[in-house]
Each structure stands twice: as structure tokens, then as C-alpha cells.
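Structure below is protein_17.txt: compact mmCIF, C-alpha atoms and all ligand atoms.
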# COMPACT_ATOMS: atom_id res chain seq x y z
CA MET J 236 0.00 0.00 0.00
CA LEU J 237 2.81 2.36 0.73
CA SER J 238 4.10 2.14 -2.80
CA LEU J 239 0.82 3.59 -3.99
CA GLN J 240 1.65 6.92 -2.42
CA SER J 241 4.73 7.25 -4.56
CA THR J 242 3.38 5.92 -7.85
CA VAL J 243 0.26 8.03 -8.03
CA PRO J 244 0.05 11.76 -8.67
CA PHE J 245 -1.96 13.51 -6.03
CA THR J 246 -1.48 17.16 -6.88
CA LEU J 247 -4.44 17.43 -9.22
CA THR J 248 -6.60 15.47 -6.81
CA LEU J 249 -6.00 17.97 -4.06
CA PHE J 250 -6.65 20.83 -6.39
CA VAL J 251 -9.98 19.54 -7.59
CA LEU J 252 -11.41 18.38 -4.32
CA LEU J 253 -11.82 21.05 -1.81
CA PRO J 254 -15.16 22.74 -2.30
CA LEU J 255 -17.02 19.98 -4.02
CA LEU J 256 -18.93 18.04 -1.44
CA VAL J 257 -21.88 19.64 0.21
CA LEU J 258 -23.74 18.28 3.16
CA LEU J 259 -27.41 19.05 3.42
CA GLU J 260 -29.59 18.89 6.47
CA PRO J 261 -32.91 18.04 4.90
CA SER J 262 -34.92 19.80 7.56
CA HIS J 263 -33.10 23.07 6.92
CA ALA J 264 -31.17 23.42 3.73
CA ILE J 265 -33.47 21.44 1.51
CA ARG J 266 -36.35 23.79 2.22
CA SER J 267 -34.45 26.63 0.72
CA PHE J 268 -33.97 24.75 -2.53
CA PRO J 269 -35.34 26.33 -5.67
CA ILE J 270 -38.54 24.44 -6.23
CA LYS J 271 -39.52 23.63 -9.78
CA GLU J 272 -43.04 24.66 -10.68
CA ASN J 273 -45.43 22.20 -9.05
CA GLY J 274 -42.41 20.26 -7.83
CA ASP J 275 -41.34 16.98 -9.39
CA ARG J 276 -44.08 14.93 -7.87
CA GLY J 277 -46.02 14.93 -11.10
CA TRP J 278 -43.61 12.64 -12.90
CA LEU J 279 -41.83 10.79 -10.11
CA PRO J 280 -43.30 7.36 -9.42
CA VAL J 281 -45.88 7.18 -6.66
CA PHE J 282 -45.61 4.63 -3.86
CA ALA J 283 -48.06 3.22 -1.36
CA GLU J 284 -47.33 3.97 2.27
CA ALA J 285 -45.38 1.08 3.80
CA PRO J 286 -46.81 -0.73 6.81
CA GLU J 287 -45.39 0.59 10.04
CA TYR J 288 -42.61 -1.49 11.54
CA ARG J 289 -41.85 -0.99 15.22
CA ASN J 290 -39.19 -2.05 17.69
CA GLY J 291 -39.86 -4.99 19.96
CA ALA J 292 -39.44 -4.71 23.73
CA GLU J 293 -35.96 -6.26 23.60
CA CYS J 294 -34.51 -3.52 21.38
CA PRO J 295 -31.89 -1.12 22.76
CA VAL J 296 -33.52 2.17 23.71
CA SER J 297 -32.31 5.35 22.11
CA SER J 298 -30.10 7.38 24.41
CA PHE J 299 -31.25 10.63 22.81
CA LYS J 300 -34.78 10.62 24.13
CA GLY J 301 -37.29 12.31 21.90
CA CYS J 302 -34.68 13.69 19.55
CA ILE J 303 -33.59 11.54 16.66
CA THR J 304 -30.14 12.40 15.41
CA SER J 305 -27.83 10.34 13.30
CA CYS J 306 -25.33 10.33 16.19
CA ASP J 307 -27.43 8.02 18.33
CA PRO J 308 -25.15 5.06 19.24
CA SER J 309 -28.04 2.59 19.09
CA HIS J 310 -28.47 3.19 15.36
CA VAL J 311 -27.65 0.88 12.50
CA HIS J 312 -26.45 3.19 9.73
CA ILE J 313 -27.22 2.40 6.13
CA ALA J 314 -26.08 4.51 3.18
CA MET J 315 -27.75 4.29 -0.21
CA THR J 316 -27.93 6.46 -3.27
CA LEU J 317 -31.32 7.84 -4.25
CA ASP J 318 -32.08 8.83 -7.83
CA SER J 319 -35.14 9.14 -9.98
CA GLU J 320 -34.11 6.26 -12.25
CA TYR J 321 -33.66 3.64 -9.54
CA LEU J 322 -36.15 5.08 -7.06
CA ARG J 323 -38.41 2.05 -7.25
CA GLY J 324 -35.48 -0.21 -6.40
CA SER J 325 -34.37 1.99 -3.49
CA ILE J 326 -37.86 2.07 -2.00
CA SER J 327 -38.05 -1.74 -2.15
CA ALA J 328 -34.62 -2.07 -0.58
CA VAL J 329 -35.58 0.19 2.33
CA HIS J 330 -38.87 -1.66 2.76
CA SER J 331 -37.06 -5.02 2.85
CA VAL J 332 -34.60 -3.83 5.51
CA LEU J 333 -37.42 -2.58 7.75
CA ARG J 334 -39.55 -5.66 7.29
CA HIS J 335 -36.82 -8.04 8.44
CA ALA J 336 -35.08 -5.88 11.04
CA SER J 337 -35.44 -6.98 14.65
CA CYS J 338 -35.30 -3.30 15.66
CA PRO J 339 -36.55 -1.27 12.67
CA ASP J 340 -36.77 1.98 14.68
CA ASN J 341 -33.02 1.84 15.21
CA VAL J 342 -32.17 1.83 11.51
CA PHE J 343 -31.01 5.18 10.18
CA PHE J 344 -30.77 5.74 6.43
CA HIS J 345 -28.37 8.15 4.75
CA PHE J 346 -29.49 8.87 1.18
CA ILE J 347 -27.10 10.41 -1.32
CA VAL J 348 -28.71 12.38 -4.15
CA ALA J 349 -26.84 13.61 -7.21
CA GLU J 350 -26.94 17.30 -7.98
CA SER J 351 -27.62 16.49 -11.63
CA ASP J 352 -30.68 14.37 -10.91
CA PRO J 353 -33.71 15.75 -12.77
CA ALA J 354 -35.67 15.40 -9.53
CA SER J 355 -34.79 17.80 -6.75
CA PRO J 356 -33.41 16.44 -3.46
CA ARG J 357 -36.47 17.95 -1.84
CA SER J 358 -38.90 15.93 -3.91
CA LEU J 359 -36.94 12.71 -3.41
CA ASP J 360 -36.94 13.47 0.31
CA GLN J 361 -40.72 13.86 0.15
CA VAL J 362 -41.19 10.55 -1.65
CA VAL J 363 -39.25 8.74 1.08
CA ARG J 364 -41.07 10.63 3.84
CA SER J 365 -44.52 9.89 2.49
CA THR J 366 -43.71 6.22 1.85
CA PHE J 367 -42.08 5.64 5.25
CA PRO J 368 -43.56 8.30 7.60
CA SER J 369 -41.63 7.18 10.68
CA LEU J 370 -38.30 6.42 8.98
CA HIS J 371 -35.16 8.00 10.42
CA PHE J 372 -33.19 9.34 7.50
CA LYS J 373 -31.25 12.20 6.06
CA VAL J 374 -30.73 13.29 2.46
CA TYR J 375 -27.36 14.57 1.29
CA LEU J 376 -26.47 16.28 -1.95
CA PHE J 377 -23.53 14.88 -3.89
CA LYS J 378 -21.84 17.41 -6.13
CA GLU J 379 -20.46 15.08 -8.73
CA THR J 380 -18.15 17.62 -10.35
CA VAL J 381 -15.29 16.00 -8.50
CA VAL J 382 -16.04 12.61 -9.98
CA LYS J 383 -16.71 13.98 -13.44
CA ASN J 384 -13.23 15.45 -13.47
CA LEU J 385 -11.84 12.09 -12.54
CA ILE J 386 -13.70 10.01 -15.11
CA SER J 387 -14.27 12.30 -18.09
CA SER J 388 -11.41 10.98 -20.20
CA SER J 389 -13.66 9.33 -22.79
CA ILE J 390 -17.19 9.61 -24.10
CA ARG J 391 -17.95 6.15 -22.89
CA GLN J 392 -16.98 7.06 -19.39
CA ALA J 393 -19.02 10.23 -19.50
CA LEU J 394 -22.09 8.03 -19.82
CA GLU J 395 -21.37 6.47 -16.48
CA ASN J 396 -23.49 7.58 -13.55
CA PRO J 397 -21.27 9.60 -11.18
CA LEU J 398 -23.47 8.44 -8.32
CA ASN J 399 -21.74 5.05 -8.68
CA TYR J 400 -18.78 6.75 -7.07
CA ALA J 401 -20.66 8.25 -4.11
CA ARG J 402 -19.58 5.32 -1.92
CA ASN J 403 -16.00 6.60 -2.14
CA TYR J 404 -17.07 9.76 -0.35
CA LEU J 405 -19.29 8.47 2.45
CA ALA J 406 -16.66 9.12 5.11
CA GLU J 407 -16.79 12.83 4.30
CA ILE J 408 -20.45 13.15 3.38
CA LEU J 409 -21.78 11.61 6.59
CA GLU J 410 -21.36 13.34 9.95
CA PRO J 411 -18.11 12.59 11.78
CA CYS J 412 -20.06 10.90 14.58
CA VAL J 413 -21.06 8.10 12.19
CA ASP J 414 -18.20 5.66 12.65
CA ARG J 415 -19.56 2.70 10.73
CA VAL J 416 -21.97 2.35 7.83
CA ILE J 417 -23.44 -0.40 5.69
CA TYR J 418 -23.42 0.64 2.05
CA LEU J 419 -26.18 -0.92 -0.06
CA ASP J 420 -26.93 -0.70 -3.77
CA SER J 421 -30.48 0.11 -4.89
CA ASP J 422 -31.11 -3.11 -6.82
CA LEU J 423 -31.29 -5.48 -3.89
CA VAL J 424 -33.53 -6.70 -1.09
CA VAL J 425 -32.45 -7.75 2.39
CA VAL J 426 -34.28 -10.83 3.66
CA ASP J 427 -32.65 -11.13 7.08
CA ASP J 428 -32.06 -9.00 10.16
CA ILE J 429 -29.71 -6.18 9.13
CA GLN J 430 -28.42 -6.07 12.71
CA LYS J 431 -26.57 -9.34 12.00
CA LEU J 432 -24.61 -7.71 9.20
CA TRP J 433 -24.05 -4.62 11.35
CA ASN J 434 -22.62 -6.76 14.17
CA ILE J 435 -19.87 -8.29 12.05
CA SER J 436 -16.46 -7.21 13.33
CA LEU J 437 -13.68 -6.07 11.03
CA SER J 438 -10.57 -7.80 12.31
CA GLY J 439 -7.11 -6.28 12.48
CA LEU J 440 -7.12 -2.88 10.85
CA ARG J 441 -9.54 -3.81 8.08
CA VAL J 442 -11.54 -0.94 6.73
CA ILE J 443 -14.25 -2.77 4.83
CA GLY J 444 -16.04 -6.09 4.96
CA ALA J 445 -17.72 -7.78 1.99
CA PRO J 446 -18.20 -11.29 0.63
CA GLU J 447 -15.10 -12.30 -1.36
CA TYR J 448 -15.04 -14.45 -4.49
CA CYS J 449 -11.62 -15.95 -4.81
CA HIS J 450 -12.52 -18.24 -7.73
CA ALA J 451 -13.41 -15.31 -9.97
CA ASN J 452 -10.67 -14.44 -12.48
CA PHE J 453 -9.16 -11.36 -10.94
CA THR J 454 -6.80 -10.72 -13.88
CA ARG J 455 -9.55 -9.60 -16.19
CA TYR J 456 -10.44 -6.46 -14.21
CA PHE J 457 -7.17 -4.84 -15.26
CA THR J 458 -5.46 -4.25 -18.58
CA ASP J 459 -2.41 -6.09 -19.90
CA GLY J 460 -0.59 -2.78 -19.52
CA PHE J 461 -1.29 -2.87 -15.81
CA TRP J 462 -0.08 -6.44 -15.30
CA SER J 463 3.02 -6.00 -17.45
CA ASP J 464 4.19 -2.99 -15.46
CA PRO J 465 5.95 -4.32 -12.36
CA ALA J 466 5.66 -0.96 -10.62
CA MET J 467 1.89 -1.28 -10.82
CA SER J 468 1.16 -4.93 -10.28
CA ARG J 469 3.44 -4.81 -7.23
CA ILE J 470 0.49 -3.19 -5.47
CA PHE J 471 -0.85 -6.70 -4.81
CA LEU J 472 2.43 -8.02 -3.46
CA GLY J 473 1.89 -9.70 -0.11
CA ARG J 474 -1.88 -9.97 -0.44
CA LYS J 475 -4.08 -12.51 -2.13
CA PRO J 476 -6.44 -10.31 -4.09
CA CYS J 477 -9.96 -11.60 -4.65
CA TYR J 478 -12.91 -10.07 -6.43
CA PHE J 479 -15.58 -8.54 -4.22
CA ASN J 480 -18.77 -6.71 -5.12
CA THR J 481 -18.92 -3.11 -3.87
CA GLY J 482 -22.74 -3.13 -3.77
CA VAL J 483 -22.79 -4.46 -0.21
CA MET J 484 -20.07 -3.33 2.17
CA VAL J 485 -19.61 -2.80 5.88
CA MET J 486 -17.32 0.22 6.19
CA ASP J 487 -15.35 1.40 9.19
CA LEU J 488 -15.47 5.16 8.65
CA VAL J 489 -13.00 5.95 11.43
CA ARG J 490 -10.28 3.86 9.81
CA TRP J 491 -11.33 5.13 6.39
CA ARG J 492 -10.90 8.74 7.46
CA GLN J 493 -7.63 8.04 9.26
CA GLY J 494 -6.16 6.23 6.26
CA ASN J 495 -7.50 8.81 3.81
CA TYR J 496 -8.86 6.08 1.56
CA ARG J 497 -10.73 8.53 -0.62
CA LYS J 498 -7.40 9.88 -1.83
CA ARG J 499 -6.01 6.43 -2.39
CA ILE J 500 -8.96 5.53 -4.60
CA GLU J 501 -8.82 8.83 -6.43
CA GLY J 502 -5.10 8.39 -6.98
CA TRP J 503 -5.82 5.34 -9.07
CA MET J 504 -8.57 7.18 -10.93
CA GLU J 505 -6.08 9.90 -11.79
CA LEU J 506 -3.65 7.32 -13.06
CA GLN J 507 -6.41 5.75 -15.14
CA LYS J 508 -6.93 9.10 -16.86
CA GLU J 509 -3.29 9.10 -17.97
CA ARG J 510 -2.94 5.48 -18.96
CA ARG J 511 -5.63 2.87 -19.15
CA ILE J 512 -5.05 0.39 -16.33
CA TYR J 513 -8.55 -1.04 -16.10
CA GLU J 514 -11.81 -1.17 -17.99
CA LEU J 515 -14.75 1.07 -17.28
CA GLY J 516 -16.17 1.29 -13.83
CA SER J 517 -16.08 2.31 -10.21
CA LEU J 518 -15.06 -1.17 -9.06
CA PRO J 519 -11.39 -1.48 -10.15
CA PRO J 520 -10.07 1.38 -7.98
CA PHE J 521 -11.76 -0.26 -5.02
CA LEU J 522 -10.12 -3.57 -5.89
CA LEU J 523 -6.74 -1.87 -6.21
CA VAL J 524 -6.99 -0.40 -2.74
CA PHE J 525 -8.76 -3.16 -0.84
CA ALA J 526 -8.61 -6.53 -2.62
CA GLY J 527 -6.91 -9.10 -0.43
CA ASP J 528 -7.49 -6.89 2.57
CA VAL J 529 -11.23 -7.07 3.15
CA GLU J 530 -13.03 -8.87 5.93
CA ALA J 531 -14.61 -11.87 4.22
CA ILE J 532 -18.29 -11.75 5.10
CA ASP J 533 -20.51 -14.80 4.55
CA HIS J 534 -21.69 -15.10 0.94
CA ARG J 535 -25.30 -15.13 2.12
CA TRP J 536 -25.01 -11.32 2.40
CA ASN J 537 -24.59 -10.76 -1.32
CA GLN J 538 -26.25 -13.21 -3.65
CA HIS J 539 -25.31 -11.04 -6.61
CA GLY J 540 -25.63 -11.24 -10.38
CA LEU J 541 -29.39 -11.86 -10.35
CA GLY J 542 -29.85 -9.14 -12.96
CA GLY J 543 -28.26 -11.39 -15.55
CA ASP J 544 -28.41 -9.88 -18.98
CA ASN J 545 -31.66 -8.47 -20.33
CA VAL J 546 -30.36 -8.31 -23.88
CA LEU J 547 -29.49 -11.99 -23.92
CA GLY J 548 -32.62 -12.73 -21.90
CA SER J 549 -30.55 -14.74 -19.47
CA CYS J 550 -31.74 -15.46 -15.95
CA ARG J 551 -29.43 -16.37 -13.11
CA SER J 552 -30.06 -18.79 -10.31
CA LEU J 553 -28.92 -18.52 -6.72
CA HIS J 554 -25.48 -19.59 -5.62
CA PRO J 555 -25.66 -22.57 -3.27
CA GLY J 556 -26.09 -21.84 0.42
CA PRO J 557 -28.29 -19.66 2.64
CA VAL J 558 -29.52 -16.25 1.53
CA SER J 559 -29.75 -13.04 3.54
CA LEU J 560 -29.59 -10.56 0.65
CA LEU J 561 -30.62 -10.83 -3.00
CA HIS J 562 -28.82 -8.51 -5.41
CA TRP J 563 -29.93 -7.91 -9.01
CA SER J 564 -26.53 -6.68 -10.17
CA GLY J 565 -26.09 -7.02 -13.90
CA LYS J 566 -28.04 -5.49 -16.75
CA GLY J 567 -31.56 -6.65 -15.92
CA LYS J 568 -33.63 -5.17 -13.11
CA PRO J 569 -36.59 -7.07 -11.64
CA TRP J 570 -39.05 -4.17 -11.91
CA GLU J 571 -38.32 -3.76 -15.61
CA ARG J 572 -38.75 -7.45 -16.36
CA LEU J 573 -41.89 -7.71 -14.23
CA ASP J 574 -43.43 -4.67 -15.97
CA ALA J 575 -42.52 -6.11 -19.36
CA GLY J 576 -44.21 -9.39 -18.45
CA THR J 577 -40.95 -11.32 -18.88
CA PRO J 578 -39.73 -11.88 -15.32
CA CYS J 579 -36.99 -14.26 -14.34
CA PRO J 580 -38.09 -16.81 -11.73
CA LEU J 581 -36.19 -15.08 -8.91
CA ASP J 582 -37.74 -11.69 -9.75
CA HIS J 583 -40.81 -12.90 -7.87
CA LEU J 584 -38.75 -12.71 -4.69
CA TRP J 585 -38.38 -8.95 -5.26
CA SER J 586 -42.12 -8.23 -5.82
CA PRO J 587 -43.29 -8.52 -2.17
CA TYR J 588 -41.21 -5.44 -1.33
CA ASP J 589 -42.42 -3.33 -4.24
CA LEU J 590 -44.59 -0.40 -3.12
CA TYR J 591 -45.01 1.19 -6.55
CA LYS J 592 -48.50 2.30 -7.49
CA PRO J 593 -48.98 1.95 -11.24
CA GLN J 594 -49.75 4.81 -13.60
CA HIS J 595 -53.55 4.92 -13.63
CA GLN J 596 -53.57 5.48 -9.85
CA GLN J 597 -51.07 8.30 -10.23
CA GLN J 598 -53.38 10.23 -12.51
CA THR J 599 -56.16 10.32 -9.95
CA GLN J 600 -53.91 12.16 -7.48
C1 LIG J 701 -25.64 -7.57 17.93
O1 LIG J 701 -24.75 -7.22 18.96
C2 LIG J 701 -25.39 -6.72 20.14
C3 LIG J 701 -24.34 -6.19 21.07
O2 LIG J 701 -23.27 -7.06 21.17
C4 LIG J 701 -26.23 -7.84 20.74
O3 LIG J 701 -26.88 -7.39 21.90
C5 LIG J 701 -27.26 -8.28 19.70
O4 LIG J 701 -28.00 -9.39 20.21
C6 LIG J 701 -26.61 -8.65 18.40
N1 LIG J 701 -27.68 -8.83 17.43
C7 LIG J 701 -27.68 -9.76 16.48
C8 LIG J 701 -28.89 -9.85 15.66
O5 LIG J 701 -26.73 -10.49 16.29
C1 LIG J 702 -8.06 -14.86 -16.61
O1 LIG J 702 -8.29 -13.80 -17.52
C2 LIG J 702 -7.14 -13.49 -18.29
C3 LIG J 702 -7.44 -12.23 -19.07
O2 LIG J 702 -8.75 -12.20 -19.56
C4 LIG J 702 -6.77 -14.70 -19.16
O3 LIG J 702 -5.65 -14.39 -19.95
C5 LIG J 702 -6.48 -15.87 -18.24
O4 LIG J 702 -6.22 -17.02 -19.01
C6 LIG J 702 -7.64 -16.14 -17.30
N1 LIG J 702 -7.26 -17.14 -16.30
C7 LIG J 702 -8.02 -18.17 -15.98
C8 LIG J 702 -7.47 -19.08 -14.93
O5 LIG J 702 -9.09 -18.38 -16.48

Could you rewrite the structure in this file as C-alpha cells?
Ligand SMILES: *[C@@H]1O[C@H](CO)[C@@H](O)[C@H](O)[C@H]1NC(C)=O
Ligand SMILES: *[C@@H]1O[C@H](CO)[C@@H](O)[C@H](O)[C@H]1NC(C)=O
Amino acid sequence: MLSLQSTVPFTLTLFVLLPLLVLLEPSHAIRSFPIKENGDRGWLPVFAEAPEYRNGAECPVSSFKGCITSCDPSHVHIAMTLDSEYLRGSISAVHSVLRHASCPDNVFFHFIVAESDPASPRSLDQVVRSTFPSLHFKVYLFKETVVKNLISSSIRQALENPLNYARNYLAEILEPCVDRVIYLDSDLVVVDDIQKLWNISLSGLRVIGAPEYCHANFTRYFTDGFWSDPAMSRIFLGRKPCYFNTGVMVMDLVRWRQGNYRKRIEGWMELQKERRIYELGSLPPFLLVFAGDVEAIDHRWNQHGLGGDNVLGSCRSLHPGPVSLLHWSGKGKPWERLDAGTPCPLDHLWSPYDLYKPQHQQQTQ
């Protein structure tokens, strides 16, 4: 890891970064947002109100009586992105977490919204609030200029959603009192008590935990140019790098902040701009920094790849073993296939969490 510091140029990174992340308190700042005429509620999907999920008697009691803040030590912190395109997926994911949580009142959601989203943060905030009236959450604005500068080296990359990179910035976006967070993608449902995932300890000085897949061919995530340059491939010396999916991660934000992991990831992104060391995506820089050094969480917490490939019409089946989280990573999304009348068998496991109210009901509002 130390060699990374010397191989990667950081000057530009420092220059670009400073003013670009903005933290929003939804109860204050979001109200002062310029509101589009009639808001965005007219075209955003409409959701039914979720059933209310409440803590059982055995749940730890909040130490901040009557005042919910994200600094409450009894909270389980979950970070997700929220955008108009995947809103239906996000709402299902939240619903699934609450439904299976032993202490749903103790779950606190941190939603990251992109500045470029056609829906305003305010209207996305309102959708969440009206769907889950008693949910503890906060909405943050992600100014993606910083990421755009880091990935704009080709047209193809410009098409990538900068929000994919928001997970790199959680340690700065969330309040300093949040010392651990579970990051979740929007195309998944949790079918087990999230507290179990929260309780997993990160041994040694590990910064993140995620299921590892050591049989996956790790070579293919990087270019021949990367592997043939000893100065680069040396980065994996002394560790056994394995693929992991960044859609489900337990992150120690204290260690992340101390080790300045944002800069380490961005350093590789800068290098990628100069010479192509990996193919498109937000994953390879994560692999470069963490692969071989992640806490291996049970595979049940990320049964990924269920999206398969819509173009090929392929459906995936589950990996063997128990399941605590189903993840439709890949091209196909369950809501699209269900709406099109061509669902994969496992898409029916997503439907029970869907709160979307179809179009004709929207028009009567
Ligand atoms: C998580 O850890 C806490 C504190 O150690 C414990 O009280 C609780 O039972 C654990 N919950 C689960 C679901 O493992
Ligand atoms: C892994 O992928 C690389 C590059 O695509 C290929 O050259 C290599 O043969 C693969 N290794 C295995 C074990 O499949």
C-alpha cells in the first residue's frame, strides 16, 4: 500500500477536491432549494405507504430521548444512493430492511442524491417521507463535479453515472459521529435482520467487509498494460487479491478517514486518466486499494448477479447456500422485467417489497 503513495500523482486530486462536497440537512437546507413549478411529484413514481414497523421490547432504547439524530449510538447506519431512475429499487430495498429488522426503529438511512438528478433532493426526500412516515433518514447532496473530473477521459466514461462513485465519499459526506456504515446498492432486497450484518467485526485494521469471491478471475479487471508494469502490479504483493462486489459493504469510517482512503482511490482514478489500467467502472479502484485486505463476510449477504443480462434474456439462479440478501446486479432489473411481463423466476422474490402504485392510480392524485 505504501508504494501507492509514490506511484500516483496527487497534486491534481487535491486541487480539484476542496469545495465539491456539500452536506445538506434536509430539515433546513433542503427547504431553501429552488422548487420547480409544481415540484417533481407529477412525474416521479408514486408509492403506497409502507406498513409501520416498530421495535420490539428487547430492542436497545435510544439514548437521545425524543430527539432523533444520526449520532445516536443505538443506530444501525445504512447509506444508499437515491435517484429518480432507480427510485423504485431503493424504495423496495428500504422496505425489505425494515420488514426483516429486529429493531426497525433503530435503523437510520443516509441517502445520497446527485446534484444532476432531474428530480430535486427535496422531492426525493418527500417521496421517502410519504412512503415511510416514521423512517429516520437524512438526504445529502452529492456534487459530482469532482467525480466527473476524474472520469471524463472518454465519451464512454461520460455516460457512467457519477453516483456510482458516491460510496467513495461516504466518510466525508456523513457526519463525523457516524463511525460505521453499511453501504447498499439500490437493486437489492435484504431478507434477514440487518443487525446481523451490522454486528460483524472487522478484524485487524480492516476498513471494509464484503463477501469475497476468490474463484473469480481477478486478472480480467485490469489491462495487460497494468499487469506487465511491475511498478503497478506490485500493489498486490503480499496480499491474495480476490474479487468482491462493492454493492454491499460494511465500512469502518473511522479507519477510512484516518487512512484517507478517498485519496487512495482517487489516486488510481487519476492514473487511469493518464494510462488505461482497467476497464470502465467504479469497481477497479476499489479492488486496487482493498482486494486481499477485506473482511470476508458470509456469501449469504450478497447473492449477486441476479440481474443477468436483459439483452441476452438470461436469468441467473442462486449460488448454493443460505440467503440473507438478494442482489440484481447485472443489466436486468426485476421491476423492468416484471413490468414487461418477462420476469426471471427469482424476480418474484423482489415483488413482495415493491410499493409502486402503477400509472392509472397516479393520474387520480
Ligand atoms: C448484535 O450485537 C449486540 C451487542 O453485542 C447484541 O446485543 C445483539 O444481540 C446482536 N444482534 C444480532 C442480531 O446479532
Ligand atoms: C483470466 O483472464 C485473463 C485475461 O482475460 C486470461 O488471460 C487468463 O487465461 C484467465 N485465467 C483463468 C485461470 O481463467

Using all atoms listed in the file, determine which residues fall within 7 Å of ligand LIG 701 (chain J), then list them as a compact mmCIF listing (two decimals) with C-alpha atoms, in the frame of the given file.
# COMPACT_ATOMS: atom_id res chain seq x y z
CA ASP J 428 -32.06 -9.00 10.16
CA GLN J 430 -28.42 -6.07 12.71
CA LYS J 431 -26.57 -9.34 12.00
CA ASN J 434 -22.62 -6.76 14.17

Exercise. Excluding same-chain residues fewer than 2 positions from Ala451 of chain J, what lies within 8 Å of it counting all atoms listed in the file, as number ranges by chain?
Worked result: J: 448-449, 453, 477-478

Written selection (C-alpha atoms) as a PDB file, in the coordinates of the input:
ATOM      1  CA  TYR J 448     -15.040 -14.450  -4.490  1.00  0.00           C
ATOM      2  CA  CYS J 449     -11.620 -15.950  -4.810  1.00  0.00           C
ATOM      3  CA  PHE J 453      -9.160 -11.360 -10.940  1.00  0.00           C
ATOM      4  CA  CYS J 477      -9.960 -11.600  -4.650  1.00  0.00           C
ATOM      5  CA  TYR J 478     -12.910 -10.070  -6.430  1.00  0.00           C
TER       6      TYR J 478
END

Problem set entry | Site check for ligand LIG 702 (chain J): residues at most 6 Å away, all atoms listed in the file, as a list of chain:residue names | J:Asn452, J:Thr454, J:Arg455

Problem set entry | Atom pair atom CA of Ser463 of chain J / atom CA of Lys508 of chain J: separation (Å) |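 The value is 18.1 Å.
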
Exercise. Nearest to Leu561 of chain J: which of J:Glu501, J:Asp487, J:Asp422, J:Glu530 is it, counting all atoms listed in the file?
Worked result: J:Asp422

Problem set entry | Shortest interatomic distance to Val442 of chain J - which of J:Gly482, J:Pro339, J:Gly527, J:Pro397, counting only C-alpha atoms |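 Answer, going by the shortest atom-to-atom distance: J:Gly527.
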
Exercise. Restricting the calculation to only C-alpha atoms, which member of J:Pro465, J:Pro353, J:Pro587, J:Gly542 is positioned closest to Lys568 of chain J?
Worked result: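 Ranked by minimum distance to Lys568 of chain J, first place goes to J:Gly542.
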
Exercise. Could you work out how far atom CA of Ser421 of chain J lies from atom CA of Ser552 of chain J, giving the answer in Å with one decimal?
Worked result: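 Between atom CA of Ser552 of chain J and atom CA of Ser421 of chain J the gap is 19.7 Å.
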
Residue contacts of Arg402 of chain J (12 Å, all atoms listed in the file) excluding same-chain residues fewer than 4 positions away, as a PDB file with C-alpha atoms, in the frame of the given file:
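Final output, part01.pdb:
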ATOM      1  CA  ILE J 313     -27.220   2.400   6.130  1.00  0.00           C
ATOM      2  CA  ALA J 314     -26.080   4.510   3.180  1.00  0.00           C
ATOM      3  CA  MET J 315     -27.750   4.290  -0.210  1.00  0.00           C
ATOM      4  CA  THR J 316     -27.930   6.460  -3.270  1.00  0.00           C
ATOM      5  CA  HIS J 345     -28.370   8.150   4.750  1.00  0.00           C
ATOM      6  CA  PHE J 346     -29.490   8.870   1.180  1.00  0.00           C
ATOM      7  CA  ILE J 347     -27.100  10.410  -1.320  1.00  0.00           C
ATOM      8  CA  VAL J 348     -28.710  12.380  -4.150  1.00  0.00           C
ATOM      9  CA  PHE J 377     -23.530  14.880  -3.890  1.00  0.00           C
ATOM     10  CA  GLU J 379     -20.460  15.080  -8.730  1.00  0.00           C
ATOM     11  CA  VAL J 382     -16.040  12.610  -9.980  1.00  0.00           C
ATOM     12  CA  PRO J 397     -21.270   9.600 -11.180  1.00  0.00           C
ATOM     13  CA  LEU J 398     -23.470   8.440  -8.320  1.00  0.00           C
ATOM     14  CA  ALA J 406     -16.660   9.120   5.110  1.00  0.00           C
ATOM     15  CA  GLU J 407     -16.790  12.830   4.300  1.00  0.00           C
ATOM     16  CA  ILE J 408     -20.450  13.150   3.380  1.00  0.00           C
ATOM     17  CA  LEU J 409     -21.780  11.610   6.590  1.00  0.00           C
ATOM     18  CA  VAL J 416     -21.970   2.350   7.830  1.00  0.00           C
ATOM     19  CA  ILE J 417     -23.440  -0.400   5.690  1.00  0.00           C
ATOM     20  CA  TYR J 418     -23.420   0.640   2.050  1.00  0.00           C
ATOM     21  CA  LEU J 419     -26.180  -0.920  -0.060  1.00  0.00           C
ATOM     22  CA  ASP J 420     -26.930  -0.700  -3.770  1.00  0.00           C
ATOM     23  CA  ILE J 443     -14.250  -2.770   4.830  1.00  0.00           C
ATOM     24  CA  THR J 481     -18.920  -3.110  -3.870  1.00  0.00           C
ATOM     25  CA  GLY J 482     -22.740  -3.130  -3.770  1.00  0.00           C
ATOM     26  CA  VAL J 483     -22.790  -4.460  -0.210  1.00  0.00           C
ATOM     27  CA  MET J 484     -20.070  -3.330   2.170  1.00  0.00           C
ATOM     28  CA  VAL J 485     -19.610  -2.800   5.880  1.00  0.00           C
ATOM     29  CA  MET J 486     -17.320   0.220   6.190  1.00  0.00           C
ATOM     30  CA  LEU J 488     -15.470   5.160   8.650  1.00  0.00           C
ATOM     31  CA  TRP J 491     -11.330   5.130   6.390  1.00  0.00           C
ATOM     32  CA  TYR J 496      -8.860   6.080   1.560  1.00  0.00           C
ATOM     33  CA  ARG J 497     -10.730   8.530  -0.620  1.00  0.00           C
ATOM     34  CA  ILE J 500      -8.960   5.530  -4.600  1.00  0.00           C
ATOM     35  CA  SER J 517     -16.080   2.310 -10.210  1.00  0.00           C
ATOM     36  CA  LEU J 518     -15.060  -1.170  -9.060  1.00  0.00           C
ATOM     37  CA  PRO J 520     -10.070   1.380  -7.980  1.00  0.00           C
ATOM     38  CA  PHE J 521     -11.760  -0.260  -5.020  1.00  0.00           C
TER      39      PHE J 521
END
